[in-house]
Number of protein chains: 2
Amino acid sequence: MAIFQRLAHGPMAVHELAALVPVSRPAVSQHLRVLKDAGLIRDSKEGTRRVYELDAAGIARLRAHFDQVWDKALSAFQSSAEKATPQNDKAGEKDDKRRQKRRHS
Amino acid sequence: MAIFQRLAHGPMAVHELAALVPVSRPAVSQHLRVLKDAGLIRDSKEGTRRVYELDAAGIARLRAHFDQVWDKALSAFQSSAEKATPQNDKAGEKDDKRRQKRRHS
DNA sequence: ACTTACCGTAAGCAATAACTTACGGTAAGT
DNA sequence: ACTTACCGTAAGTTATTGCTTACGGTAAGT
């Protein structure tokens, strides 16, 4: 996470990243590897260095996945809440705006 | 996660939940404890049973936190990407990058 | 060509997380 | 009162994660 947040400030090489976190350089490489496998970052060779940067598409994808989880949880929650108290289901519609889905690019 | 998603289908008692996941009942209890400490679920005594259900406010709170992370990452990424390609980057890019070779650390 | 700078991967180890069994405790049925 | 059903917690074990050191490999400077 700390590594990910650091990359949000701009592309960086591995040894620069390693200087900013309290772990060794190979450890940073390993973190970068899982982030890359997850599609959240990309890398490019630049001389003997290897520069990593965020991958906006991958981040958007993960974000959409989480949004789906939250939406499903919240909508199912309120439908079951209505079923539990069938007499007041009119009072349960107060959060219309929260159900409004976020628009992605 | 599997336990959380199950609770999205409606409130449930512990032993019911345990029947749906491939772990023992105490393990489910421990997971529920973590989720409760995180404010994502609530529990209510119902006879000898204990029924758990999602906590909409806690979920919304976590969702907001994640949204903030994504927003920060994507916006920072965009600004740095614009700065990296103000016009055509073939001309001066190599020089610029090489210049900060071992300035740090 | 050799040396330097950077990097990824493998192997081994320590810390942590996740699970199981065992136990005790409360509420309801008989 | 006893029994049954349900549950949380503690203790101990196993699996997973996260890190370090060690090594080899490529690109650039000399």
# chains A, B, ... in the order shown; residues from 1 in each chain; ligands from 1

$ interface_residues --of "chain A" --to "chain C" --cutoff "9 Å" --atoms "only C-alpha atoms (C1' of nucleotides)" --output "number ranges by chain"
A: 14-15, 26, 29-30, 48-50

$ interface_residues --of "chain A" --to "chain D" --cutoff "8 Å" --atoms "only C-alpha atoms (C1' of nucleotides)" --output "list in words"
Val23, Ser24, Ala27, Gly47 and Thr48 of chain A

$ interface_residues --of "chain B" --to "chain A" --cutoff "8 Å" --atoms "only C-alpha atoms" --output "PyMOL selection string"
chain B and resi 5+8-11+53-54+56+59-60+63+67+70+72-74+76-77+80-81+104-105

$ decode --residues "segment 13-70 of chain B" --atoms "C-alpha atoms" --output "PDB file, in the first residue's frame"
ATOM      1  CA  ALA B  13     -27.187 -17.084  12.633  1.00  0.00           C
ATOM      2  CA  VAL B  14     -23.677 -18.382  13.186  1.00  0.00           C
ATOM      3  CA  HIS B  15     -24.363 -22.057  12.686  1.00  0.00           C
ATOM      4  CA  GLU B  16     -26.204 -21.361   9.438  1.00  0.00           C
ATOM      5  CA  LEU B  17     -23.283 -19.349   8.190  1.00  0.00           C
ATOM      6  CA  ALA B  18     -20.874 -22.081   9.206  1.00  0.00           C
ATOM      7  CA  ALA B  19     -22.820 -24.604   7.166  1.00  0.00           C
ATOM      8  CA  LEU B  20     -22.209 -22.566   4.031  1.00  0.00           C
ATOM      9  CA  VAL B  21     -18.458 -22.149   4.254  1.00  0.00           C
ATOM     10  CA  PRO B  22     -15.790 -24.852   4.432  1.00  0.00           C
ATOM     11  CA  VAL B  23     -14.552 -23.990   7.900  1.00  0.00           C
ATOM     12  CA  SER B  24     -15.627 -24.779  11.439  1.00  0.00           C
ATOM     13  CA  ARG B  25     -18.132 -22.794  13.436  1.00  0.00           C
ATOM     14  CA  PRO B  26     -15.598 -21.205  15.805  1.00  0.00           C
ATOM     15  CA  ALA B  27     -13.637 -20.000  12.814  1.00  0.00           C
ATOM     16  CA  VAL B  28     -16.773 -18.279  11.582  1.00  0.00           C
ATOM     17  CA  SER B  29     -17.238 -16.698  14.984  1.00  0.00           C
ATOM     18  CA  GLN B  30     -13.735 -15.309  14.827  1.00  0.00           C
ATOM     19  CA  HIS B  31     -14.318 -13.844  11.406  1.00  0.00           C
ATOM     20  CA  LEU B  32     -17.545 -12.288  12.585  1.00  0.00           C
ATOM     21  CA  ARG B  33     -15.696 -10.779  15.471  1.00  0.00           C
ATOM     22  CA  VAL B  34     -13.228  -9.080  13.159  1.00  0.00           C
ATOM     23  CA  LEU B  35     -15.991  -7.810  10.922  1.00  0.00           C
ATOM     24  CA  LYS B  36     -17.853  -6.503  13.921  1.00  0.00           C
ATOM     25  CA  ASP B  37     -14.764  -4.737  15.264  1.00  0.00           C
ATOM     26  CA  ALA B  38     -14.376  -3.175  11.840  1.00  0.00           C
ATOM     27  CA  GLY B  39     -17.954  -1.904  12.099  1.00  0.00           C
ATOM     28  CA  LEU B  40     -19.144  -3.762   9.020  1.00  0.00           C
ATOM     29  CA  ILE B  41     -21.720  -5.955  10.741  1.00  0.00           C
ATOM     30  CA  ARG B  42     -23.984  -5.869  13.756  1.00  0.00           C
ATOM     31  CA  ASP B  43     -25.333  -8.660  15.887  1.00  0.00           C
ATOM     32  CA  SER B  44     -28.479  -9.189  17.905  1.00  0.00           C
ATOM     33  CA  LYS B  45     -29.424 -11.906  20.335  1.00  0.00           C
ATOM     34  CA  GLU B  46     -32.422 -13.932  19.344  1.00  0.00           C
ATOM     35  CA  GLY B  47     -33.148 -16.620  21.859  1.00  0.00           C
ATOM     36  CA  THR B  48     -30.164 -18.864  22.071  1.00  0.00           C
ATOM     37  CA  ARG B  49     -29.035 -17.806  18.627  1.00  0.00           C
ATOM     38  CA  ARG B  50     -27.071 -14.767  17.615  1.00  0.00           C
ATOM     39  CA  VAL B  51     -28.041 -13.205  14.336  1.00  0.00           C
ATOM     40  CA  TYR B  52     -25.591 -11.129  12.320  1.00  0.00           C
ATOM     41  CA  GLU B  53     -26.440  -8.590   9.663  1.00  0.00           C
ATOM     42  CA  LEU B  54     -24.619  -6.009   7.610  1.00  0.00           C
ATOM     43  CA  ASP B  55     -24.119  -2.520   8.958  1.00  0.00           C
ATOM     44  CA  ALA B  56     -24.856  -0.115   6.121  1.00  0.00           C
ATOM     45  CA  ALA B  57     -23.126   2.822   7.775  1.00  0.00           C
ATOM     46  CA  GLY B  58     -19.893   0.904   8.298  1.00  0.00           C
ATOM     47  CA  ILE B  59     -19.903  -0.332   4.735  1.00  0.00           C
ATOM     48  CA  ALA B  60     -20.461   3.171   3.426  1.00  0.00           C
ATOM     49  CA  ARG B  61     -17.581   4.358   5.551  1.00  0.00           C
ATOM     50  CA  LEU B  62     -15.203   1.758   4.147  1.00  0.00           C
ATOM     51  CA  ARG B  63     -16.406   2.468   0.658  1.00  0.00           C
ATOM     52  CA  ALA B  64     -15.689   6.154   1.091  1.00  0.00           C
ATOM     53  CA  HIS B  65     -12.205   5.350   2.263  1.00  0.00           C
ATOM     54  CA  PHE B  66     -11.464   3.257  -0.794  1.00  0.00           C
ATOM     55  CA  ASP B  67     -12.967   5.841  -3.099  1.00  0.00           C
ATOM     56  CA  GLN B  68     -10.613   8.370  -1.653  1.00  0.00           C
ATOM     57  CA  VAL B  69      -7.637   6.147  -2.343  1.00  0.00           C
ATOM     58  CA  TRP B  70      -8.666   5.563  -5.947  1.00  0.00           C
TER      59      TRP B  70
END
